[in-house]
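The structure appears below as structure tokens.
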Amino acid sequence: MDTNPVEKVIEGSMDQIIASIRRHRDRQIDELVKESNLMTFLEHYYDSVFISKVKKEFLLKDLIELKKSSLDLSHYSSLIKQMKDTTTFTVNPSHKTFLSELQNIFQKYVSKG
């Protein structure tokens with residue numbers, strides 16, 4: 001027999017939640033690849049106002065690759081669960097998962113000040 005209509009709604013909702021999170025993550029990356037925003041991020045989180053040209057190129061390359069990649073569902077599971085439990089498709093932009101994913105990339109190129 002076909003799947004239950006409720007299961008289809010839940011599956012559709014999960015797809016919408018994941019798509020919302022990915023769109024938000026991708027917008028954050030789009031902002032970070034702008035020179036001024038990148039330097040502001042570095043200064044705020046790493047007390048650094050300088051990064052070598054080579055490191056910056058690799059960092060930008062990694063950010064672009066992250067944007068092209070699919071969402072790491074295990075990394076974002078707490079946000080997905082929160083959105084599912086509250087039945088919302090609105091992403092909490094200050095959720096820790098966004099920052100931690102970005103910091104995993106930045107830590108390869110910049111040491112914490």
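Simple scheme: letters A, B, ... for chains in structure tokens order, numbers from 1 for residues in each chain, numbers from 1 for ligands in the order shown.
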Selection near His75 in chain A, 9 Å with only C-alpha atoms, sequence-local residues under 4 positions removed, as a list in words:
Leu71, Leu79, Thr97 and Glu101 of chain A
Among chain A, which residues does DSSP mark as helix (DSSP H, G or I) when it is run on the backbone? Keep the chain and numbering as in the structure and answer as number ranges by chain.
A: 5-32, 35-46, 53-68, 77-85, 96-106
So which residues touch range 13-19 of chain A within 12 Å, counting only C-alpha atoms, skipping near sequence neighbours fewer than 3 positions away, as a ChimeraX atom specification?
/A:6-10,22-26,70-92
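Comparing A:Phe41, A:Leu66, A:Glu35, A:Ile105 by their smallest distance to Lys53 in chain A, the closest is A:Glu35 (using only C-alpha atoms).
The space between CA of Val33 in chain A and CA of Lys56 in chain A spans 9.8 Å.
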Please report the interatomic distance between CA of Ile51 in chain A and CA of Pro93 in chain A in Å with one decimal.
26.3 Å
Find the distance between CA of Ser94 in chain A and CA of Glu57 in chain A and write it in Å to one decimal.
26.6 Å
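Among the candidate residues A:Gln28, A:Ser20, A:Thr40, A:Ser48, the one lying nearest to Ser111 in chain A is A:Ser48, with distances computed using only C-alpha atoms.
Proximity to Leu38 in chain A was assessed for A:Gln103, A:Val54, A:His95, A:Leu60 counting only C-alpha atoms; the smallest distance is recorded for A:Leu60.
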